[in-house]
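A.B. asks: Sharing a structure with you now.
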Amino acid sequence: MSRKLYRLLLLLLCVAGSYRSSATHIYGGELLYTYVSANKYLVTLTVYGDCSADSAIFHSLYSAAPIVDVYNSGLYYGSITLKATLLGLEVSPVCPAQLHNTSCNGGTLPGVKKFVYSDTIILPEKSLDWQFIFGGNMGGLGSIQAGRSNHITNVLNAGTTVMQIEADLNDSTGNNSSPVYSAVPTPFYCINQLEQYSQGAIDPDGDSLAFELVNAIDANGGSSVNYRSPFTGSKPVSTAVGNFLFDPLNGQVTFTPDVVQDALVVCRVSEYRKGVLIGTSEREMTFVVLNNCNNTPPAVTLQDVSTGRVTGNNVINICVGTSNLRFDLGFSNPEGSDITLSNSTLPGASTLNIGGNNTPTPSASFEWVTGSVPSGIYTFYLTLQTDHCPIEDKQTIAYTINIASVPQLSIQTLLSTECVHDAYVEYDIKYGFPPRTLNVMEGSALYKSYIDTTGVVRDSLPVGVFIAIVSSDTLCAATQTYTVKDSGTLPLAPIIRNYCIDVPDSVIDVEPIRPGALINWYNLNLSPAYFAPVPNTKKVGTQTWFFTEQYRVCSSGYVPVIATVHALPAAQIISIPPTICLGDTIYLAGAGGVTYVWSPQNEILNDSVTGRLYIRVLVPTTIQLNVTDEYGCTDSTYASYKNIEYCCTFSYPNAFTPNGDGKNDGFKVITFGNMMNYHLMIFNRWGQMVFETFDPEAYWTGKFKGLPCDIGTYFFYFKGQCLTGRVEESKGDVILIR
């Protein structure tokens with residue numbers, strides 16, 4: 001069964017009421033796996049409960065037996081029911097003296113307890129994509145889902161969502177264990193104070209770790225939660241603009257919170273072994289920001305870095321072969337409290353020399369002989385703790401040394417000069433660490449400089465010899481000499497010429513691509529022609545020649561020259577009616593070309609609504625049309641509008657049926673000829689006028705004031721005058737039939 005189908009079935013069960021009911025008591029959690037032996041893995045779920053939740057709901061965590069679903073490449077394999085291994089350990093980040101005052105103990109401070117559940121599973125085979133998914137099913141007594149705390153502020157209706165987290169395993173080439181974490185995922189912070197947070201991730205296998213902030217998933221449907229604007233999974237905390245920094249190399253978060261909040265933060269950690277992704281795990285956290293703090297936490301800064309480049313959050317980049325690395329840590333301690341320092345996961349034979357520990361003015365110096373250390377990402381953690389109350393001043397800060405291989409540079413020409421322009425060149429850069437500087441030198445002079453962050457730079461180079469130097473810093477550089485020579489085929493397109501029949505003959509001239517280029521002409525059979533061709537324009541048809549052009553070392557090859565002689569278009573006026581009444585409007589229409597010019601201009605009028613041209617025939621008129629086709633060839637014709645009739649007749653229908661069928665739906669006086677005046681009035685049997693118009697085209701549709709009139713006989717009065725001068729006055733009746 002596929003993963004999507006299985007999740008859908010679980011969702012339907014939930015809707016039907018046979019699944020667990022949700023709750024509002026979870027602050028965060030993590031799903032990890034640990035290799036045991038053979039194909040056996042220990043799967044561990046840790047959840048962090050909000051002690052201020054409803055007591056009955058919170059205490060269901062003590063009897064829970066969470067269920068983790070297992071998939072193989074998206075197909076459902078089975079599930080594991082986990083057993084409790086640690087229940088109700090309080091991890092509220094407050095000072096020891098205030099533990100009694102958390103919500104876990106009936107106090108006023110936020111409180112968090114840790115619950116751990118685990119069990120083993122034997123995987124039946126190796127796979128590129130084993131997936132362990134906790135979808136919120138806590139199992140056990142109480143039938144409660146892992147509903148998120150309704151104190152969470154950056155998610156809409158957070159208390160109605162259910163935590164879903166995932167861990168992936170690629171054991172196709174070897175066994176793997178998830179990283180472990182030394183920092184609790186529910187840190188407490190103070191508003192408007194600079195804070196740093198690291199999860200303290202340690203990989204037991206020594207694999208490379210990459211960190212990413214991702215959207216939280218609601219198990220009710222398996223899609224992202226709805227974040228309150230402007231929050232997102234990658235920007236989950238409210239801070240001053242530009243004050244939230246996250247480093248994907250070590251997961252370090254540096255920020256200054258600007259409002260009280262409980263921010264849901266989800267981090268996915270990916271493990272790489274020899275460049276291959278072998279596992280991921282997710283950790284759901286809640287950053288609790290309070291406003292009842294009365295202290296300023298210590299701050300730490302990197303100082304006196306001996307080599308390399310400092311980027312991101314406490315990341316020091318150096319190149320392989322750099323002999324040693326040294327830096328100091330400076331401490332700012334406005335409160336003057338005693339600071340206790342500790343560290344973990346120092347890389348290799350490095351040392352962190354701590355002085356003045358457990359005093360207000362500690363010091364720390366890092367030293368590492370790195371000359372023989374292979375490339376890789378090495379992270380250690382420094383923990384600072386003071387004795388401040390009630391909120392515990394405890395920070396875990398990551399320091400990452402990124403030892404990168406010396407840059408490698410390759411250059412290739414994507415488009416040659418073709419002897420007439422610069423070559424289009426691509427610089428491919430590997431290793432080192434971004435941002436890398438690429439300097440292109442021409443002799444001893446700098447030709448152009450670039451800042452590279454993607455590994456690919458493209459630009460143009462003229463003919464010459466260049467030296468390209470790529471560097472991540474002064475000790476981490478690569479150099480390559482590159483020569484650009486003229487080469488390629490001259491970029492000439494076929495020459496197409498169009499002529500109208502009987503135009504004067506003329507020579508086909510070709511402008512050289514550059515002064516000094518040599519042009520040679522050839523006949524259709526590629527035999528040499530000693531002069532530029534002259535097309536014969538006396539007959540319709542196509543004539544073909546070829547030429548070649550040589551410039552420097554580049555040749556065009558045979559370039560066709562095609563001359564086509566076209567017949568003249570046949571202009572035609574197609575707007576000549578058989579009968580013309582005095583005053584008729586005739587819209588002009590022509591054929592035979594692509595552009596049309598009508599004359600004389602003083603006779604041509606423009607319809608402002610449709611944009612069409614027309615004439616009004618009051619006296620005999622002659623109109624001329626000039627047409628031009630797509631090749632510029634022209635022709636003209638004319639039409640005379642002379643047979644003008646003095647049309648002026650009237651007729652009066654005696655009935656109409658306004659039923660909407662499109663037949664005889666209205667009544668008007670029918671005229672033949674152009675009207676100078678027109679006046680029609682219609683009355684009912686009581687002499688009340690129900691319709692009046694001065695428009696010869698307007699019909700009475702059998703309505704009065706918008707309502708249908710009764711069936712029966714109505715009376716009309718009409719008076720009109722034709723453009724010819726004849727006056728018509730008439731009375732009569734008409735029958736309205738439905």
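Simple scheme: letters A, B, ... for chains in structure tokens order, numbers from 1 for residues in each chain, numbers from 1 for ligands in the order shown.
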Could you please write out, as a PDB file with C-alpha atoms, in the first residue's frame, every residue of segment 387-615 of chain A that DSSP assigns to strand (DSSP E or B)?
C.D. replies:
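Okay, selection-v6.pdb is ready:
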```pdb
ATOM      1  CA  ILE A 391      15.105  32.201  33.464  1.00  0.00           C
ATOM      2  CA  LYS A 394      22.187  28.810  29.185  1.00  0.00           C
ATOM      3  CA  GLN A 395      23.371  28.981  25.615  1.00  0.00           C
ATOM      4  CA  THR A 396      24.814  26.286  23.375  1.00  0.00           C
ATOM      5  CA  ILE A 397      26.828  27.893  20.575  1.00  0.00           C
ATOM      6  CA  ALA A 398      28.170  26.038  17.544  1.00  0.00           C
ATOM      7  CA  TYR A 399      31.570  26.816  16.022  1.00  0.00           C
ATOM      8  CA  THR A 400      32.231  25.247  12.642  1.00  0.00           C
ATOM      9  CA  ILE A 401      35.581  24.900  10.890  1.00  0.00           C
ATOM     10  CA  ASN A 402      34.988  24.250   7.210  1.00  0.00           C
ATOM     11  CA  ILE A 403      38.175  22.782   5.740  1.00  0.00           C
ATOM     12  CA  ALA A 404      37.714  22.943   1.996  1.00  0.00           C
ATOM     13  CA  GLN A 408      39.868  23.639  -8.996  1.00  0.00           C
ATOM     14  CA  LEU A 409      39.287  25.723 -12.100  1.00  0.00           C
ATOM     15  CA  SER A 410      38.471  24.605 -15.624  1.00  0.00           C
ATOM     16  CA  ILE A 411      37.792  26.907 -18.565  1.00  0.00           C
ATOM     17  CA  GLN A 412      36.015  26.097 -21.798  1.00  0.00           C
ATOM     18  CA  THR A 413      34.867  28.101 -24.802  1.00  0.00           C
ATOM     19  CA  LEU A 414      31.116  27.849 -25.302  1.00  0.00           C
ATOM     20  CA  LEU A 415      31.108  30.023 -28.451  1.00  0.00           C
ATOM     21  CA  ALA A 423      34.576  34.323 -27.368  1.00  0.00           C
ATOM     22  CA  TYR A 424      31.920  33.228 -24.863  1.00  0.00           C
ATOM     23  CA  VAL A 425      33.748  31.467 -22.029  1.00  0.00           C
ATOM     24  CA  GLU A 426      32.666  29.390 -19.023  1.00  0.00           C
ATOM     25  CA  TYR A 427      34.696  29.131 -15.831  1.00  0.00           C
ATOM     26  CA  ASP A 428      33.817  26.025 -13.803  1.00  0.00           C
ATOM     27  CA  ILE A 429      34.920  26.273 -10.173  1.00  0.00           C
ATOM     28  CA  LYS A 430      34.974  23.431  -7.657  1.00  0.00           C
ATOM     29  CA  ARG A 436      35.135  32.807  -4.227  1.00  0.00           C
ATOM     30  CA  THR A 437      36.972  35.575  -6.060  1.00  0.00           C
ATOM     31  CA  LEU A 438      37.806  35.032  -9.726  1.00  0.00           C
ATOM     32  CA  ASN A 439      40.334  37.468 -11.171  1.00  0.00           C
ATOM     33  CA  VAL A 440      41.126  37.342 -14.888  1.00  0.00           C
ATOM     34  CA  MET A 441      44.473  38.928 -15.680  1.00  0.00           C
ATOM     35  CA  GLU A 442      45.811  40.077 -19.058  1.00  0.00           C
ATOM     36  CA  ALA A 445      46.777  44.048 -15.561  1.00  0.00           C
ATOM     37  CA  LEU A 446      43.414  43.010 -14.117  1.00  0.00           C
ATOM     38  CA  TYR A 447      41.049  42.437 -17.035  1.00  0.00           C
ATOM     39  CA  LYS A 448      37.907  41.585 -15.002  1.00  0.00           C
ATOM     40  CA  SER A 449      36.962  40.397 -11.507  1.00  0.00           C
ATOM     41  CA  TYR A 450      34.002  38.292 -10.359  1.00  0.00           C
ATOM     42  CA  ILE A 451      32.496  37.086  -7.088  1.00  0.00           C
ATOM     43  CA  ASP A 452      31.366  33.472  -7.455  1.00  0.00           C
ATOM     44  CA  VAL A 456      29.878  28.696 -12.681  1.00  0.00           C
ATOM     45  CA  VAL A 457      30.848  32.055 -14.191  1.00  0.00           C
ATOM     46  CA  ARG A 458      30.200  32.919 -17.844  1.00  0.00           C
ATOM     47  CA  ASP A 459      31.439  35.947 -19.743  1.00  0.00           C
ATOM     48  CA  SER A 460      33.216  36.977 -22.938  1.00  0.00           C
ATOM     49  CA  LEU A 461      36.937  37.224 -23.678  1.00  0.00           C
ATOM     50  CA  GLY A 464      44.581  37.028 -26.230  1.00  0.00           C
ATOM     51  CA  VAL A 465      46.330  35.185 -23.422  1.00  0.00           C
ATOM     52  CA  PHE A 466      44.769  35.401 -19.954  1.00  0.00           C
ATOM     53  CA  ILE A 467      45.542  34.140 -16.460  1.00  0.00           C
ATOM     54  CA  ALA A 468      42.530  33.167 -14.337  1.00  0.00           C
ATOM     55  CA  ILE A 469      43.007  33.067 -10.563  1.00  0.00           C
ATOM     56  CA  VAL A 470      40.270  31.681  -8.303  1.00  0.00           C
ATOM     57  CA  SER A 471      40.648  32.084  -4.554  1.00  0.00           C
ATOM     58  CA  SER A 472      38.678  31.621  -1.378  1.00  0.00           C
ATOM     59  CA  ASP A 473      41.341  33.498   0.560  1.00  0.00           C
ATOM     60  CA  CYS A 476      43.450  28.969  -1.005  1.00  0.00           C
ATOM     61  CA  ALA A 477      43.877  29.682  -4.709  1.00  0.00           C
ATOM     62  CA  ALA A 478      44.227  28.053  -8.127  1.00  0.00           C
ATOM     63  CA  THR A 479      45.621  29.522 -11.350  1.00  0.00           C
ATOM     64  CA  GLN A 480      45.109  28.622 -15.001  1.00  0.00           C
ATOM     65  CA  THR A 481      46.374  30.212 -18.202  1.00  0.00           C
ATOM     66  CA  TYR A 482      43.907  30.350 -21.064  1.00  0.00           C
ATOM     67  CA  THR A 483      44.415  31.420 -24.669  1.00  0.00           C
ATOM     68  CA  VAL A 484      41.631  32.721 -26.891  1.00  0.00           C
ATOM     69  CA  ILE A 495      20.452  36.720 -48.171  1.00  0.00           C
ATOM     70  CA  ILE A 496      16.825  36.961 -49.279  1.00  0.00           C
ATOM     71  CA  ARG A 497      15.827  39.703 -51.736  1.00  0.00           C
ATOM     72  CA  ASN A 498      12.316  40.337 -53.092  1.00  0.00           C
ATOM     73  CA  TYR A 499      11.557  42.338 -56.244  1.00  0.00           C
ATOM     74  CA  CYS A 500       8.414  43.460 -58.034  1.00  0.00           C
ATOM     75  CA  LEU A 518      37.253  38.818 -49.233  1.00  0.00           C
ATOM     76  CA  ILE A 519      33.998  37.970 -51.102  1.00  0.00           C
ATOM     77  CA  ASN A 520      33.763  35.481 -53.970  1.00  0.00           C
ATOM     78  CA  TRP A 521      30.618  34.850 -56.071  1.00  0.00           C
ATOM     79  CA  TYR A 522      29.330  31.570 -57.537  1.00  0.00           C
ATOM     80  CA  PRO A 528      32.811  30.919 -60.083  1.00  0.00           C
ATOM     81  CA  ALA A 529      31.050  34.134 -61.076  1.00  0.00           C
ATOM     82  CA  GLY A 541      10.331  33.507 -60.451  1.00  0.00           C
ATOM     83  CA  THR A 542      13.254  32.702 -58.153  1.00  0.00           C
ATOM     84  CA  GLN A 543      16.969  33.052 -58.998  1.00  0.00           C
ATOM     85  CA  THR A 544      19.795  31.728 -56.798  1.00  0.00           C
ATOM     86  CA  TRP A 545      23.539  32.436 -56.419  1.00  0.00           C
ATOM     87  CA  PHE A 546      26.138  31.731 -53.730  1.00  0.00           C
ATOM     88  CA  PHE A 547      29.031  33.646 -52.254  1.00  0.00           C
ATOM     89  CA  THR A 548      31.798  32.903 -49.792  1.00  0.00           C
ATOM     90  CA  GLU A 549      33.477  35.336 -47.452  1.00  0.00           C
ATOM     91  CA  GLN A 550      36.910  34.960 -45.866  1.00  0.00           C
ATOM     92  CA  TYR A 551      38.050  37.044 -42.891  1.00  0.00           C
ATOM     93  CA  CYS A 554      37.355  32.185 -40.592  1.00  0.00           C
ATOM     94  CA  SER A 555      35.332  31.296 -43.666  1.00  0.00           C
ATOM     95  CA  VAL A 559      26.071  31.370 -48.459  1.00  0.00           C
ATOM     96  CA  PRO A 560      22.922  31.329 -50.640  1.00  0.00           C
ATOM     97  CA  VAL A 561      21.548  34.517 -52.175  1.00  0.00           C
ATOM     98  CA  ILE A 562      17.930  34.081 -53.260  1.00  0.00           C
ATOM     99  CA  ALA A 563      16.206  36.702 -55.398  1.00  0.00           C
ATOM    100  CA  THR A 564      12.463  36.283 -55.995  1.00  0.00           C
ATOM    101  CA  VAL A 565      10.533  38.385 -58.538  1.00  0.00           C
ATOM    102  CA  HIS A 566       6.855  38.751 -57.623  1.00  0.00           C
ATOM    103  CA  GLN A 572     -10.076  44.966 -55.708  1.00  0.00           C
ATOM    104  CA  ILE A 573     -12.861  47.020 -54.138  1.00  0.00           C
ATOM    105  CA  ILE A 580     -27.573  53.037 -53.672  1.00  0.00           C
ATOM    106  CA  CYS A 581     -30.102  55.228 -51.961  1.00  0.00           C
ATOM    107  CA  THR A 585     -23.404  54.855 -45.729  1.00  0.00           C
ATOM    108  CA  ILE A 586     -21.034  52.497 -47.551  1.00  0.00           C
ATOM    109  CA  TYR A 587     -18.246  50.869 -45.534  1.00  0.00           C
ATOM    110  CA  GLY A 590     -10.726  45.949 -50.327  1.00  0.00           C
ATOM    111  CA  ALA A 591      -8.706  42.858 -51.217  1.00  0.00           C
ATOM    112  CA  THR A 595      -2.043  47.550 -46.679  1.00  0.00           C
ATOM    113  CA  TYR A 596      -4.785  49.731 -48.195  1.00  0.00           C
ATOM    114  CA  VAL A 597      -4.902  53.483 -48.867  1.00  0.00           C
ATOM    115  CA  TRP A 598      -8.178  55.120 -49.908  1.00  0.00           C
ATOM    116  CA  SER A 599      -8.625  58.477 -51.629  1.00  0.00           C
ATOM    117  CA  LEU A 605     -14.914  59.177 -42.968  1.00  0.00           C
ATOM    118  CA  ASN A 606     -13.974  57.094 -39.900  1.00  0.00           C
ATOM    119  CA  LEU A 613     -13.706  53.705 -43.040  1.00  0.00           C
ATOM    120  CA  TYR A 614     -16.848  54.693 -44.956  1.00  0.00           C
ATOM    121  CA  ILE A 615     -18.359  57.219 -47.382  1.00  0.00           C
TER     122      ILE A 615
END
```
A.B. asks: Fewer than 3 positions away in the same chain doesn't count, so skip those; otherwise give me all residues within 10 Å of Val315 of chain A, counting only C-alpha atoms, as a list in words.
C.D. replies: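 The contact residues come out as Asp247, Leu249, Asn250, Gln252, Leu302, Gly308, Arg309, Val310, Thr311, Gly312, Ile318, Ile377, Tyr378, Thr379, Ala398, Tyr399, Thr400, Ile401 and Asn402 of chain A.
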A.B. asks: Within 12 Å of Gln688 of chain A, counting only C-alpha atoms, which residues show up once you throw out same-chain ones fewer than 3 positions away? Write them as a PDB file with all heavy atoms, in the first residue's frame, please.
C.D. replies:
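Everything below was put into result-v5.pdb:
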```
ATOM      1  N   MET A 681     -45.153  57.294 -32.258  1.00  0.00           N
ATOM      2  CA  MET A 681     -45.774  57.223 -30.932  1.00  0.00           C
ATOM      3  C   MET A 681     -46.811  56.115 -30.960  1.00  0.00           C
ATOM      4  O   MET A 681     -47.515  55.937 -31.960  1.00  0.00           O
ATOM      5  CB  MET A 681     -46.444  58.553 -30.569  1.00  0.00           C
ATOM      6  CG  MET A 681     -45.462  59.700 -30.400  1.00  0.00           C
ATOM      7  SD  MET A 681     -46.292  61.238 -29.886  1.00  0.00           S
ATOM      8  CE  MET A 681     -47.180  61.633 -31.377  1.00  0.00           C
ATOM      9  N   ILE A 682     -46.940  55.363 -29.819  1.00  0.00           N
ATOM     10  CA  ILE A 682     -47.897  54.267 -29.708  1.00  0.00           C
ATOM     11  C   ILE A 682     -48.729  54.486 -28.451  1.00  0.00           C
ATOM     12  O   ILE A 682     -48.185  54.815 -27.381  1.00  0.00           O
ATOM     13  CB  ILE A 682     -47.179  52.914 -29.679  1.00  0.00           C
ATOM     14  CG1 ILE A 682     -46.385  52.716 -30.987  1.00  0.00           C
ATOM     15  CG2 ILE A 682     -48.156  51.767 -29.470  1.00  0.00           C
ATOM     16  CD1 ILE A 682     -45.557  51.458 -31.010  1.00  0.00           C
ATOM     17  N   PHE A 683     -50.067  54.274 -28.601  1.00  0.00           N
ATOM     18  CA  PHE A 683     -51.006  54.529 -27.504  1.00  0.00           C
ATOM     19  C   PHE A 683     -51.825  53.274 -27.248  1.00  0.00           C
ATOM     20  O   PHE A 683     -52.063  52.475 -28.154  1.00  0.00           O
ATOM     21  CB  PHE A 683     -51.949  55.685 -27.862  1.00  0.00           C
ATOM     22  CG  PHE A 683     -51.222  56.962 -28.226  1.00  0.00           C
ATOM     23  CD1 PHE A 683     -50.817  57.197 -29.547  1.00  0.00           C
ATOM     24  CD2 PHE A 683     -50.957  57.924 -27.255  1.00  0.00           C
ATOM     25  CE1 PHE A 683     -50.154  58.361 -29.884  1.00  0.00           C
ATOM     26  CE2 PHE A 683     -50.295  59.093 -27.596  1.00  0.00           C
ATOM     27  CZ  PHE A 683     -49.902  59.310 -28.912  1.00  0.00           C
ATOM     28  N   ASN A 684     -52.249  53.112 -25.970  1.00  0.00           N
ATOM     29  CA  ASN A 684     -53.183  52.032 -25.675  1.00  0.00           C
ATOM     30  C   ASN A 684     -54.605  52.519 -25.909  1.00  0.00           C
ATOM     31  O   ASN A 684     -54.831  53.669 -26.320  1.00  0.00           O
ATOM     32  CB  ASN A 684     -52.964  51.490 -24.258  1.00  0.00           C
ATOM     33  CG  ASN A 684     -53.172  52.559 -23.190  1.00  0.00           C
ATOM     34  OD1 ASN A 684     -53.852  53.570 -23.431  1.00  0.00           O
ATOM     35  ND2 ASN A 684     -52.601  52.348 -22.001  1.00  0.00           N
ATOM     36  N   ARG A 685     -55.582  51.659 -25.609  1.00  0.00           N
ATOM     37  CA  ARG A 685     -56.978  51.984 -25.925  1.00  0.00           C
ATOM     38  C   ARG A 685     -57.519  53.149 -25.109  1.00  0.00           C
ATOM     39  O   ARG A 685     -58.548  53.729 -25.443  1.00  0.00           O
ATOM     40  CB  ARG A 685     -57.844  50.741 -25.723  1.00  0.00           C
ATOM     41  CG  ARG A 685     -57.946  50.314 -24.254  1.00  0.00           C
ATOM     42  CD  ARG A 685     -58.808  49.067 -24.110  1.00  0.00           C
ATOM     43  NE  ARG A 685     -58.134  47.921 -24.708  1.00  0.00           N
ATOM     44  CZ  ARG A 685     -58.686  46.725 -24.796  1.00  0.00           C
ATOM     45  NH1 ARG A 685     -59.904  46.513 -24.353  1.00  0.00           N
ATOM     46  NH2 ARG A 685     -58.011  45.728 -25.338  1.00  0.00           N
ATOM     47  N   PHE A 691     -45.184  54.201 -25.834  1.00  0.00           N
ATOM     48  CA  PHE A 691     -43.888  54.113 -26.502  1.00  0.00           C
ATOM     49  C   PHE A 691     -43.728  55.325 -27.403  1.00  0.00           C
ATOM     50  O   PHE A 691     -44.691  55.788 -28.031  1.00  0.00           O
ATOM     51  CB  PHE A 691     -43.799  52.836 -27.343  1.00  0.00           C
ATOM     52  CG  PHE A 691     -42.493  52.661 -28.075  1.00  0.00           C
ATOM     53  CD1 PHE A 691     -41.340  52.272 -27.392  1.00  0.00           C
ATOM     54  CD2 PHE A 691     -42.409  52.879 -29.444  1.00  0.00           C
ATOM     55  CE1 PHE A 691     -40.139  52.104 -28.069  1.00  0.00           C
ATOM     56  CE2 PHE A 691     -41.207  52.708 -30.117  1.00  0.00           C
ATOM     57  CZ  PHE A 691     -40.070  52.309 -29.432  1.00  0.00           C
ATOM     58  N   GLU A 692     -42.458  55.831 -27.483  1.00  0.00           N
ATOM     59  CA  GLU A 692     -42.142  56.946 -28.375  1.00  0.00           C
ATOM     60  C   GLU A 692     -40.683  56.830 -28.765  1.00  0.00           C
ATOM     61  O   GLU A 692     -39.822  56.525 -27.936  1.00  0.00           O
ATOM     62  CB  GLU A 692     -42.395  58.291 -27.702  1.00  0.00           C
ATOM     63  CG  GLU A 692     -42.098  59.491 -28.620  1.00  0.00           C
ATOM     64  CD  GLU A 692     -42.340  60.826 -27.933  1.00  0.00           C
ATOM     65  OE1 GLU A 692     -42.258  60.880 -26.677  1.00  0.00           O
ATOM     66  OE2 GLU A 692     -42.607  61.815 -28.639  1.00  0.00           O
ATOM     67  N   PHE A 704     -44.275  48.520 -21.356  1.00  0.00           N
ATOM     68  CA  PHE A 704     -44.481  49.895 -20.879  1.00  0.00           C
ATOM     69  C   PHE A 704     -43.907  49.983 -19.466  1.00  0.00           C
ATOM     70  O   PHE A 704     -44.292  49.205 -18.587  1.00  0.00           O
ATOM     71  CB  PHE A 704     -45.978  50.250 -20.886  1.00  0.00           C
ATOM     72  CG  PHE A 704     -46.266  51.634 -20.357  1.00  0.00           C
ATOM     73  CD1 PHE A 704     -45.577  52.743 -20.857  1.00  0.00           C
ATOM     74  CD2 PHE A 704     -47.204  51.827 -19.357  1.00  0.00           C
ATOM     75  CE1 PHE A 704     -45.849  54.010 -20.376  1.00  0.00           C
ATOM     76  CE2 PHE A 704     -47.469  53.089 -18.874  1.00  0.00           C
ATOM     77  CZ  PHE A 704     -46.799  54.191 -19.384  1.00  0.00           C
ATOM     78  N   TYR A 714     -53.394  48.301 -30.326  1.00  0.00           N
ATOM     79  CA  TYR A 714     -52.758  49.555 -29.932  1.00  0.00           C
ATOM     80  C   TYR A 714     -52.742  50.466 -31.156  1.00  0.00           C
ATOM     81  O   TYR A 714     -52.819  50.006 -32.309  1.00  0.00           O
ATOM     82  CB  TYR A 714     -51.352  49.298 -29.398  1.00  0.00           C
ATOM     83  CG  TYR A 714     -51.365  48.549 -28.077  1.00  0.00           C
ATOM     84  CD1 TYR A 714     -51.525  47.157 -28.046  1.00  0.00           C
ATOM     85  CD2 TYR A 714     -51.253  49.231 -26.867  1.00  0.00           C
ATOM     86  CE1 TYR A 714     -51.566  46.465 -26.853  1.00  0.00           C
ATOM     87  CE2 TYR A 714     -51.282  48.532 -25.653  1.00  0.00           C
ATOM     88  CZ  TYR A 714     -51.437  47.163 -25.648  1.00  0.00           C
ATOM     89  OH  TYR A 714     -51.483  46.493 -24.460  1.00  0.00           O
ATOM     90  N   PHE A 715     -52.633  51.759 -30.936  1.00  0.00           N
ATOM     91  CA  PHE A 715     -52.767  52.758 -31.997  1.00  0.00           C
ATOM     92  C   PHE A 715     -51.459  53.527 -32.127  1.00  0.00           C
ATOM     93  O   PHE A 715     -50.784  53.813 -31.124  1.00  0.00           O
ATOM     94  CB  PHE A 715     -53.914  53.707 -31.682  1.00  0.00           C
ATOM     95  CG  PHE A 715     -55.213  52.990 -31.445  1.00  0.00           C
ATOM     96  CD1 PHE A 715     -55.601  52.619 -30.162  1.00  0.00           C
ATOM     97  CD2 PHE A 715     -56.024  52.638 -32.519  1.00  0.00           C
ATOM     98  CE1 PHE A 715     -56.779  51.939 -29.945  1.00  0.00           C
ATOM     99  CE2 PHE A 715     -57.211  51.955 -32.298  1.00  0.00           C
ATOM    100  CZ  PHE A 715     -57.599  51.596 -31.009  1.00  0.00           C
ATOM    101  N   PHE A 716     -51.068  53.814 -33.365  1.00  0.00           N
ATOM    102  CA  PHE A 716     -49.814  54.520 -33.570  1.00  0.00           C
ATOM    103  C   PHE A 716     -50.066  55.799 -34.354  1.00  0.00           C
ATOM    104  O   PHE A 716     -51.047  55.918 -35.110  1.00  0.00           O
ATOM    105  CB  PHE A 716     -48.791  53.637 -34.293  1.00  0.00           C
ATOM    106  CG  PHE A 716     -49.141  53.310 -35.726  1.00  0.00           C
ATOM    107  CD1 PHE A 716     -48.837  54.201 -36.762  1.00  0.00           C
ATOM    108  CD2 PHE A 716     -49.752  52.107 -36.060  1.00  0.00           C
ATOM    109  CE1 PHE A 716     -49.142  53.880 -38.068  1.00  0.00           C
ATOM    110  CE2 PHE A 716     -50.062  51.796 -37.372  1.00  0.00           C
ATOM    111  CZ  PHE A 716     -49.760  52.697 -38.385  1.00  0.00           C
TER     112      PHE A 716
END
```
A.B. asks: Name the closest residue to Gln601 of chain A among the candidates A:Leu625, A:Val214, A:Val266, A:Ala146; distances are taken between atoms, counting only C-alpha atoms.
C.D. replies: A:Leu625
A.B. asks: Just checking: using only C-alpha atoms, which residue out of A:Val373, A:Cys190, A:Ala97, A:Leu264 ends up closest to Cys389 of chain A?
C.D. replies: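 Among the listed residues, the smallest separation from Cys389 of chain A belongs to A:Ala97.
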